[in-house]
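Have a look at final-v3.txt below; it lists compact mmCIF, N, CA and C atoms and all ligand atoms.
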# COMPACT_ATOMS: atom_id res chain seq x y z
N MET A 1 141.46 157.64 22.27
CA MET A 1 140.28 156.82 22.53
C MET A 1 139.26 157.07 21.43
N SER A 2 138.68 156.00 20.94
CA SER A 2 137.72 156.14 19.84
C SER A 2 136.39 156.70 20.35
N GLN A 3 135.65 157.25 19.41
CA GLN A 3 134.34 157.84 19.73
C GLN A 3 133.39 156.71 20.17
N PRO A 4 132.60 156.95 21.22
CA PRO A 4 131.67 155.90 21.64
C PRO A 4 130.65 155.58 20.54
N THR A 5 130.43 154.30 20.33
CA THR A 5 129.42 153.85 19.36
C THR A 5 128.24 153.27 20.12
N ILE A 6 127.07 153.82 19.83
CA ILE A 6 125.86 153.38 20.52
C ILE A 6 124.96 152.68 19.51
N LEU A 7 124.60 151.46 19.82
CA LEU A 7 123.67 150.70 18.99
C LEU A 7 122.27 150.81 19.59
N TYR A 8 121.32 151.26 18.79
CA TYR A 8 119.93 151.38 19.25
C TYR A 8 119.09 150.37 18.48
N ILE A 9 118.57 149.38 19.19
CA ILE A 9 117.73 148.35 18.59
C ILE A 9 116.28 148.71 18.88
N GLU A 10 115.56 149.09 17.84
CA GLU A 10 114.22 149.69 18.00
C GLU A 10 113.47 149.58 16.68
N ASP A 11 112.23 149.14 16.72
CA ASP A 11 111.47 148.99 15.48
C ASP A 11 110.71 150.27 15.09
N ASN A 12 110.55 151.19 16.02
CA ASN A 12 109.75 152.39 15.74
C ASN A 12 110.62 153.50 15.15
N PHE A 13 110.27 153.89 13.93
CA PHE A 13 111.08 154.89 13.21
C PHE A 13 111.17 156.21 13.99
N HIS A 14 110.07 156.64 14.56
CA HIS A 14 110.07 157.95 15.24
C HIS A 14 110.98 157.93 16.47
N ASN A 15 110.96 156.84 17.20
CA ASN A 15 111.85 156.74 18.34
C ASN A 15 113.31 156.72 17.89
N ARG A 16 113.58 155.99 16.80
CA ARG A 16 114.96 155.94 16.30
C ARG A 16 115.44 157.33 15.90
N ARG A 17 114.58 158.07 15.21
CA ARG A 17 114.95 159.42 14.77
C ARG A 17 115.19 160.35 15.97
N LEU A 18 114.31 160.27 16.96
CA LEU A 18 114.45 161.11 18.15
C LEU A 18 115.75 160.82 18.89
N VAL A 19 116.00 159.55 19.14
CA VAL A 19 117.20 159.17 19.91
C VAL A 19 118.46 159.52 19.12
N ARG A 20 118.43 159.30 17.80
CA ARG A 20 119.59 159.66 16.98
C ARG A 20 119.87 161.16 17.10
N ARG A 21 118.82 161.98 17.01
CA ARG A 21 119.02 163.43 17.11
C ARG A 21 119.62 163.82 18.46
N ILE A 22 119.08 163.24 19.52
CA ILE A 22 119.57 163.58 20.86
C ILE A 22 121.04 163.18 21.00
N LEU A 23 121.37 161.97 20.58
CA LEU A 23 122.74 161.48 20.79
C LEU A 23 123.73 162.15 19.85
N GLU A 24 123.33 162.40 18.61
CA GLU A 24 124.26 163.04 17.68
C GLU A 24 124.52 164.49 18.08
N SER A 25 123.59 165.10 18.80
CA SER A 25 123.82 166.47 19.29
C SER A 25 125.01 166.51 20.24
N GLN A 26 125.31 165.36 20.84
CA GLN A 26 126.46 165.27 21.75
C GLN A 26 127.60 164.46 21.12
N HIS A 27 127.53 164.30 19.80
CA HIS A 27 128.63 163.71 19.02
C HIS A 27 128.86 162.23 19.29
N TYR A 28 127.84 161.55 19.75
CA TYR A 28 127.94 160.09 19.79
C TYR A 28 127.72 159.56 18.38
N GLN A 29 128.37 158.43 18.09
CA GLN A 29 128.11 157.73 16.84
C GLN A 29 126.97 156.75 17.09
N VAL A 30 125.93 156.82 16.27
CA VAL A 30 124.73 156.02 16.49
C VAL A 30 124.53 155.05 15.33
N VAL A 31 124.30 153.78 15.67
CA VAL A 31 123.96 152.76 14.68
C VAL A 31 122.60 152.20 15.08
N GLU A 32 121.74 151.97 14.10
CA GLU A 32 120.38 151.49 14.38
C GLU A 32 120.18 150.09 13.84
N ALA A 33 119.33 149.33 14.53
CA ALA A 33 118.85 148.04 14.02
C ALA A 33 117.37 147.97 14.33
N GLU A 34 116.58 147.45 13.39
CA GLU A 34 115.13 147.56 13.56
C GLU A 34 114.44 146.28 14.00
N ASP A 35 115.20 145.22 14.23
CA ASP A 35 114.60 144.04 14.86
C ASP A 35 115.68 143.27 15.61
N GLY A 36 115.26 142.23 16.30
CA GLY A 36 116.18 141.51 17.17
C GLY A 36 117.29 140.80 16.43
N GLU A 37 116.96 140.18 15.30
CA GLU A 37 117.99 139.45 14.54
C GLU A 37 119.06 140.41 14.02
N ARG A 38 118.61 141.51 13.44
CA ARG A 38 119.59 142.49 12.95
C ARG A 38 120.38 143.09 14.12
N GLY A 39 119.69 143.28 15.23
CA GLY A 39 120.35 143.82 16.41
C GLY A 39 121.43 142.90 16.92
N TRP A 40 121.12 141.62 17.00
CA TRP A 40 122.09 140.64 17.48
C TRP A 40 123.29 140.56 16.53
N ALA A 41 123.02 140.60 15.23
CA ALA A 41 124.12 140.60 14.25
C ALA A 41 124.98 141.86 14.42
N ALA A 42 124.34 142.99 14.67
CA ALA A 42 125.09 144.25 14.80
C ALA A 42 125.93 144.26 16.08
N VAL A 43 125.41 143.68 17.15
CA VAL A 43 126.18 143.59 18.40
C VAL A 43 127.48 142.82 18.14
N GLN A 44 127.35 141.70 17.47
CA GLN A 44 128.53 140.86 17.22
C GLN A 44 129.51 141.53 16.26
N ALA A 45 128.98 142.21 15.24
CA ALA A 45 129.85 142.81 14.23
C ALA A 45 130.54 144.07 14.75
N LEU A 46 129.81 144.87 15.54
CA LEU A 46 130.30 146.20 15.93
C LEU A 46 130.96 146.24 17.30
N ARG A 47 130.52 145.36 18.21
CA ARG A 47 130.94 145.43 19.60
C ARG A 47 130.82 146.88 20.08
N PRO A 48 129.58 147.40 20.13
CA PRO A 48 129.37 148.82 20.47
C PRO A 48 129.77 149.12 21.92
N THR A 49 129.92 150.40 22.20
CA THR A 49 130.22 150.85 23.55
C THR A 49 129.04 150.59 24.48
N LEU A 50 127.84 150.68 23.91
CA LEU A 50 126.61 150.64 24.70
C LEU A 50 125.47 150.22 23.77
N VAL A 51 124.50 149.50 24.32
CA VAL A 51 123.29 149.16 23.56
C VAL A 51 122.07 149.75 24.24
N LEU A 52 121.26 150.48 23.45
CA LEU A 52 119.94 150.91 23.89
C LEU A 52 118.95 149.91 23.30
N MET A 53 118.13 149.30 24.14
CA MET A 53 117.35 148.14 23.72
C MET A 53 115.86 148.37 23.93
N ASP A 54 115.13 148.45 22.81
CA ASP A 54 113.67 148.34 22.90
C ASP A 54 113.36 146.89 23.27
N ILE A 55 112.32 146.67 24.03
CA ILE A 55 112.01 145.30 24.45
C ILE A 55 111.08 144.60 23.47
N SER A 56 110.01 145.27 23.07
CA SER A 56 109.05 144.68 22.15
C SER A 56 109.50 144.90 20.71
N LEU A 57 109.92 143.82 20.05
CA LEU A 57 110.46 143.90 18.69
C LEU A 57 109.77 142.86 17.82
N PRO A 58 109.62 143.14 16.53
CA PRO A 58 109.03 142.15 15.63
C PRO A 58 110.01 141.01 15.36
N GLY A 59 109.50 139.86 14.95
CA GLY A 59 110.38 138.75 14.60
C GLY A 59 110.59 137.80 15.76
N ALA A 60 111.59 136.93 15.59
CA ALA A 60 111.78 135.80 16.51
C ALA A 60 112.47 136.19 17.81
N MET A 61 113.18 137.30 17.82
CA MET A 61 113.93 137.69 19.02
C MET A 61 113.45 139.05 19.51
N ASP A 62 113.03 139.12 20.77
CA ASP A 62 112.70 140.44 21.32
C ASP A 62 113.94 140.99 22.05
N GLY A 63 113.78 142.14 22.66
CA GLY A 63 114.93 142.79 23.28
C GLY A 63 115.52 141.99 24.43
N LEU A 64 114.67 141.27 25.14
CA LEU A 64 115.18 140.46 26.24
C LEU A 64 115.96 139.25 25.72
N ASP A 65 115.53 138.69 24.58
CA ASP A 65 116.28 137.59 23.96
C ASP A 65 117.68 138.05 23.54
N VAL A 66 117.75 139.21 22.91
CA VAL A 66 119.05 139.73 22.47
C VAL A 66 119.94 139.98 23.69
N THR A 67 119.35 140.59 24.72
CA THR A 67 120.11 140.86 25.94
C THR A 67 120.63 139.57 26.56
N ALA A 68 119.76 138.56 26.63
CA ALA A 68 120.17 137.29 27.24
C ALA A 68 121.32 136.66 26.45
N ARG A 69 121.25 136.72 25.13
CA ARG A 69 122.36 136.16 24.32
C ARG A 69 123.66 136.91 24.57
N MET A 70 123.55 138.24 24.67
CA MET A 70 124.76 139.02 24.95
C MET A 70 125.37 138.62 26.29
N LYS A 71 124.51 138.48 27.29
CA LYS A 71 125.02 138.23 28.64
C LYS A 71 125.51 136.79 28.82
N GLN A 72 125.15 135.91 27.87
CA GLN A 72 125.67 134.54 27.89
C GLN A 72 127.01 134.43 27.18
N ASP A 73 127.42 135.49 26.49
CA ASP A 73 128.63 135.48 25.69
C ASP A 73 129.73 136.21 26.44
N ALA A 74 130.80 135.51 26.76
CA ALA A 74 131.86 136.09 27.59
C ALA A 74 132.51 137.30 26.93
N THR A 75 132.45 137.37 25.60
CA THR A 75 133.10 138.49 24.90
C THR A 75 132.17 139.68 24.72
N LEU A 76 130.89 139.51 25.01
CA LEU A 76 129.91 140.58 24.81
C LEU A 76 129.22 141.03 26.09
N ARG A 77 129.36 140.26 27.14
CA ARG A 77 128.53 140.53 28.33
C ARG A 77 128.91 141.80 29.06
N GLN A 78 130.12 142.33 28.79
CA GLN A 78 130.53 143.56 29.47
C GLN A 78 129.94 144.81 28.82
N ILE A 79 129.31 144.66 27.66
CA ILE A 79 128.69 145.82 26.99
C ILE A 79 127.40 146.17 27.74
N PRO A 80 127.28 147.41 28.25
CA PRO A 80 126.08 147.76 28.99
C PRO A 80 124.84 147.78 28.08
N VAL A 81 123.73 147.33 28.63
CA VAL A 81 122.44 147.33 27.93
C VAL A 81 121.45 148.15 28.74
N ILE A 82 120.89 149.19 28.12
CA ILE A 82 119.85 150.00 28.75
C ILE A 82 118.54 149.73 28.03
N ALA A 83 117.56 149.20 28.75
CA ALA A 83 116.24 148.97 28.16
C ALA A 83 115.51 150.29 28.04
N LEU A 84 114.90 150.52 26.86
CA LEU A 84 114.10 151.71 26.62
C LEU A 84 112.71 151.23 26.23
N THR A 85 111.75 151.43 27.08
CA THR A 85 110.44 150.88 26.77
C THR A 85 109.33 151.67 27.42
N ALA A 86 108.17 151.66 26.76
CA ALA A 86 106.98 152.30 27.31
C ALA A 86 106.35 151.45 28.41
N SER A 87 106.78 150.22 28.48
CA SER A 87 106.16 149.30 29.44
C SER A 87 106.39 149.78 30.86
N ALA A 88 105.33 149.92 31.60
CA ALA A 88 105.47 150.42 32.97
C ALA A 88 104.68 149.55 33.94
N MET A 89 104.52 148.31 33.56
CA MET A 89 103.78 147.39 34.42
C MET A 89 104.60 147.06 35.67
N ARG A 90 103.91 146.81 36.75
CA ARG A 90 104.60 146.41 37.97
C ARG A 90 105.43 145.16 37.69
N GLY A 91 106.67 145.18 38.10
CA GLY A 91 107.52 144.01 37.91
C GLY A 91 108.35 144.04 36.64
N ASP A 92 108.05 144.97 35.72
CA ASP A 92 108.80 145.01 34.47
C ASP A 92 110.27 145.32 34.70
N ARG A 93 110.52 146.30 35.55
CA ARG A 93 111.91 146.67 35.80
C ARG A 93 112.71 145.45 36.28
N GLU A 94 112.10 144.71 37.21
CA GLU A 94 112.77 143.51 37.75
C GLU A 94 112.98 142.47 36.64
N ARG A 95 111.99 142.34 35.76
CA ARG A 95 112.09 141.37 34.66
C ARG A 95 113.22 141.76 33.70
N PHE A 96 113.34 143.06 33.40
CA PHE A 96 114.41 143.52 32.50
C PHE A 96 115.78 143.29 33.15
N LEU A 97 115.88 143.62 34.42
CA LEU A 97 117.17 143.46 35.09
C LEU A 97 117.52 141.99 35.22
N ALA A 98 116.52 141.15 35.46
CA ALA A 98 116.77 139.71 35.57
C ALA A 98 117.26 139.13 34.24
N ALA A 99 116.80 139.69 33.12
CA ALA A 99 117.23 139.21 31.80
C ALA A 99 118.64 139.68 31.46
N GLY A 100 119.18 140.59 32.27
CA GLY A 100 120.56 141.03 32.05
C GLY A 100 120.71 142.49 31.68
N CYS A 101 119.59 143.20 31.52
CA CYS A 101 119.71 144.64 31.25
C CYS A 101 120.38 145.31 32.44
N ASP A 102 121.26 146.27 32.14
CA ASP A 102 121.98 146.95 33.21
C ASP A 102 121.15 148.07 33.82
N ASP A 103 120.25 148.62 33.01
CA ASP A 103 119.42 149.71 33.53
C ASP A 103 118.18 149.84 32.65
N TYR A 104 117.36 150.81 32.96
CA TYR A 104 116.04 150.92 32.36
C TYR A 104 115.64 152.38 32.27
N LEU A 105 115.13 152.80 31.10
CA LEU A 105 114.56 154.14 30.94
C LEU A 105 113.17 153.98 30.34
N SER A 106 112.20 154.69 30.89
CA SER A 106 110.85 154.57 30.35
C SER A 106 110.59 155.67 29.32
N LYS A 107 109.84 155.29 28.28
CA LYS A 107 109.38 156.24 27.28
C LYS A 107 108.16 156.97 27.85
N PRO A 108 107.84 158.19 27.48
CA PRO A 108 108.55 158.97 26.46
C PRO A 108 109.95 159.37 26.91
N ILE A 109 110.86 159.38 25.93
CA ILE A 109 112.27 159.62 26.21
C ILE A 109 112.51 161.09 26.52
N GLN A 110 113.15 161.35 27.64
CA GLN A 110 113.56 162.70 28.02
C GLN A 110 115.03 162.86 27.69
N ALA A 111 115.35 163.89 26.90
CA ALA A 111 116.72 164.04 26.40
C ALA A 111 117.75 164.08 27.53
N SER A 112 117.48 164.87 28.56
CA SER A 112 118.49 165.04 29.61
C SER A 112 118.70 163.73 30.38
N GLU A 113 117.61 163.01 30.61
CA GLU A 113 117.70 161.74 31.33
C GLU A 113 118.49 160.72 30.49
N LEU A 114 118.18 160.67 29.19
CA LEU A 114 118.89 159.75 28.30
C LEU A 114 120.38 160.09 28.25
N LEU A 115 120.70 161.35 28.07
CA LEU A 115 122.12 161.75 27.94
C LEU A 115 122.89 161.48 29.22
N ASP A 116 122.28 161.73 30.36
CA ASP A 116 122.95 161.44 31.64
C ASP A 116 123.28 159.96 31.76
N MET A 117 122.30 159.12 31.44
CA MET A 117 122.51 157.68 31.59
C MET A 117 123.52 157.16 30.58
N VAL A 118 123.42 157.63 29.34
CA VAL A 118 124.36 157.20 28.30
C VAL A 118 125.79 157.61 28.67
N ALA A 119 125.96 158.83 29.15
CA ALA A 119 127.31 159.28 29.53
C ALA A 119 127.88 158.41 30.64
N ASP A 120 127.06 158.11 31.61
CA ASP A 120 127.48 157.30 32.74
C ASP A 120 127.92 155.90 32.29
N TYR A 121 127.10 155.24 31.48
CA TYR A 121 127.42 153.87 31.08
C TYR A 121 128.52 153.82 30.03
N CYS A 122 128.62 154.83 29.18
CA CYS A 122 129.74 154.87 28.22
C CYS A 122 131.06 155.00 28.97
N ALA A 123 131.08 155.81 30.01
CA ALA A 123 132.30 155.98 30.80
C ALA A 123 132.70 154.65 31.43
N ARG A 124 131.72 153.96 31.98
CA ARG A 124 132.02 152.64 32.59
C ARG A 124 132.51 151.65 31.55
N SER A 125 131.84 151.66 30.39
CA SER A 125 132.18 150.71 29.34
C SER A 125 133.60 150.95 28.82
N LEU A 126 133.94 152.22 28.62
CA LEU A 126 135.26 152.55 28.07
C LEU A 126 136.36 152.37 29.09
N ALA A 127 136.01 152.35 30.37
CA ALA A 127 137.01 152.17 31.43
C ALA A 127 137.40 150.72 31.61
N GLN A 128 136.69 149.80 31.00
CA GLN A 128 136.95 148.36 31.21
C GLN A 128 138.21 147.91 30.49
MN MN B 1 109.06 148.16 19.81
Turn the structure described in the file into structure tokens.
Amino acid sequence: MSQPTILYIEDNFHNRRLVRRILESQHYQVVEAEDGERGWAAVQALRPTLVLMDISLPGAMDGLDVTARMKQDATLRQIPVIALTASAMRGDRERFLAAGCDDYLSKPIQASELLDMVADYCARSLAQ
């Protein structure tokens, strides 16, 4: 079985560095994209095991747009999407799930919480 590949779509350099450090400590392969267009291209090119999705992104596509495109594509919709966002407004979780995100983690990112969720969804993804 190949090593899980995790695509992290995030415009903030510090968050990308933090998440990369956490995931690489557990030997996940991490690929980054810094906006929605690059993220969507990377999803199609890589078909990652899992996508970590920032919601607020610069450019024409935000994280919910990328998620919606994935979930409309029969060949990509089985890839789990975990939203990672500082947004904690009432109703946000429901909005993310309605757009097709499989789960949600709020920033600031806690290493143990992130690793638990990533392990869980990678196992499901690889079992398909
Ligand atoms: Mn952002």
- Query: Could you name the residues that touch segment 79-93 of chain A at 9 Å or less, counting only C-alpha atoms, but leaving out those on the same chain fewer than 2 positions away, as JSON, numbers by chain?
  - Reply: {"A": [10, 47, 48, 49, 50, 51, 52, 53, 54, 55, 56, 63, 64, 67, 70, 71, 75, 76, 77, 95, 96, 97, 98, 100, 101, 102, 103, 104, 105, 106, 107, 108, 109, 117, 118, 121, 122, 124, 125]}
- Message: Between A:Arg21, A:Leu57, A:Asp35, A:Ala42, which residue has the minimum interatomic distance to ligand MN 1 (chain B), considering only N, CA and C atoms and all ligand atoms?
- Response: A:Leu57
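In terms of minimum interatomic distance to ligand MN 1 (chain B), A:Pro58 ranks closest within A:Ala45, A:Glu24, A:Pro58, A:Val19, counting only N, CA and C atoms and all ligand atoms.
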- Interatomic distance (Å, one decimal) between atom N of Gly59 of chain A and atom N of Tyr28 of chain A: 28.8 Å
- Query: Residues of chain A in helix (DSSP H, G or I) according to DSSP, as a count of residues only?
  - Reply: 58
- Query: Which is closest to ligand MN 1 (chain B) among A:Asp62, A:Ala111, A:Glu37, A:Val43, if we use only C-alpha atoms and all ligand atoms?
  - Reply: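 Answer, going by the shortest atom-to-atom distance: A:Asp62.
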- Task: Could you jot down the atom CA of Asp65 of chain A to atom CA of Leu126 of chain A separation for me, Å, one decimal place?
- Result: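 Between these atoms lies a distance of 24.5 Å.
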- Task: Could you jot down the atom CA of Tyr8 of chain A to atom CA of Ala127 of chain A separation for me, Å, one decimal place?
- Result: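 Taking atom CA of Tyr8 of chain A and atom CA of Ala127 of chain A, their separation equals 21.0 Å.
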- DSSP-assigned strand (DSSP E or B) members of chain A, reported as a VMD selection string: chain A and resid 5 to 9 29 to 33 50 to 53 81 to 85 103 to 106
- Message: For Arg20 of chain A, find every residue with an atom within 10 Å (counting only C-alpha atoms), except residues of its own chain fewer than 6 positions away, and show them as an MDAnalysis selection string.
- Response: chainID A and resid 6 8 14 28:32
Where atoms are missing, can you supply N, CA, C and O atoms for segment 104-116 of chain A and output the lot as an mmCIF file, keeping the file's coordinate frame?
data_model
loop_
_atom_site.group_PDB
_atom_site.id
_atom_site.type_symbol
_atom_site.label_atom_id
_atom_site.label_comp_id
_atom_site.auth_asym_id
_atom_site.auth_seq_id
_atom_site.Cartn_x
_atom_site.Cartn_y
_atom_site.Cartn_z
ATOM 1 N N TYR A 104 117.360 150.810 32.960
ATOM 2 C CA TYR A 104 116.040 150.920 32.360
ATOM 3 C C TYR A 104 115.640 152.380 32.270
ATOM 4 O O TYR A 104 115.812 153.124 33.229
ATOM 5 N N LEU A 105 115.130 152.800 31.100
ATOM 6 C CA LEU A 105 114.560 154.140 30.940
ATOM 7 C C LEU A 105 113.170 153.980 30.340
ATOM 8 O O LEU A 105 112.993 153.252 29.362
ATOM 9 N N SER A 106 112.200 154.690 30.890
ATOM 10 C CA SER A 106 110.850 154.570 30.350
ATOM 11 C C SER A 106 110.590 155.670 29.320
ATOM 12 O O SER A 106 111.080 156.794 29.431
ATOM 13 N N LYS A 107 109.840 155.290 28.280
ATOM 14 C CA LYS A 107 109.380 156.240 27.280
ATOM 15 C C LYS A 107 108.160 156.970 27.850
ATOM 16 O O LYS A 107 107.437 156.382 28.647
ATOM 17 N N PRO A 108 107.840 158.190 27.480
ATOM 18 C CA PRO A 108 108.550 158.970 26.460
ATOM 19 C C PRO A 108 109.950 159.370 26.910
ATOM 20 O O PRO A 108 110.179 159.642 28.083
ATOM 21 N N ILE A 109 110.860 159.380 25.930
ATOM 22 C CA ILE A 109 112.270 159.620 26.210
ATOM 23 C C ILE A 109 112.510 161.090 26.520
ATOM 24 O O ILE A 109 112.094 161.965 25.767
ATOM 25 N N GLN A 110 113.150 161.350 27.640
ATOM 26 C CA GLN A 110 113.560 162.700 28.020
ATOM 27 C C GLN A 110 115.030 162.860 27.690
ATOM 28 O O GLN A 110 115.867 162.067 28.135
ATOM 29 N N ALA A 111 115.350 163.890 26.900
ATOM 30 C CA ALA A 111 116.720 164.040 26.400
ATOM 31 C C ALA A 111 117.750 164.080 27.530
ATOM 32 O O ALA A 111 118.780 163.408 27.471
ATOM 33 N N SER A 112 117.480 164.870 28.560
ATOM 34 C CA SER A 112 118.490 165.040 29.610
ATOM 35 C C SER A 112 118.700 163.730 30.380
ATOM 36 O O SER A 112 119.837 163.369 30.717
ATOM 37 N N GLU A 113 117.610 163.010 30.610
ATOM 38 C CA GLU A 113 117.700 161.740 31.330
ATOM 39 C C GLU A 113 118.490 160.720 30.490
ATOM 40 O O GLU A 113 119.361 159.997 30.997
ATOM 41 N N LEU A 114 118.180 160.670 29.190
ATOM 42 C CA LEU A 114 118.890 159.750 28.300
ATOM 43 C C LEU A 114 120.380 160.090 28.250
ATOM 44 O O LEU A 114 121.231 159.200 28.390
ATOM 45 N N LEU A 115 120.700 161.350 28.070
ATOM 46 C CA LEU A 115 122.120 161.750 27.940
ATOM 47 C C LEU A 115 122.890 161.480 29.220
ATOM 48 O O LEU A 115 124.049 161.058 29.178
ATOM 49 N N ASP A 116 122.280 161.730 30.360
ATOM 50 C CA ASP A 116 122.950 161.440 31.640
ATOM 51 C C ASP A 116 123.280 159.960 31.760
ATOM 52 O O ASP A 116 124.389 159.581 32.148
#
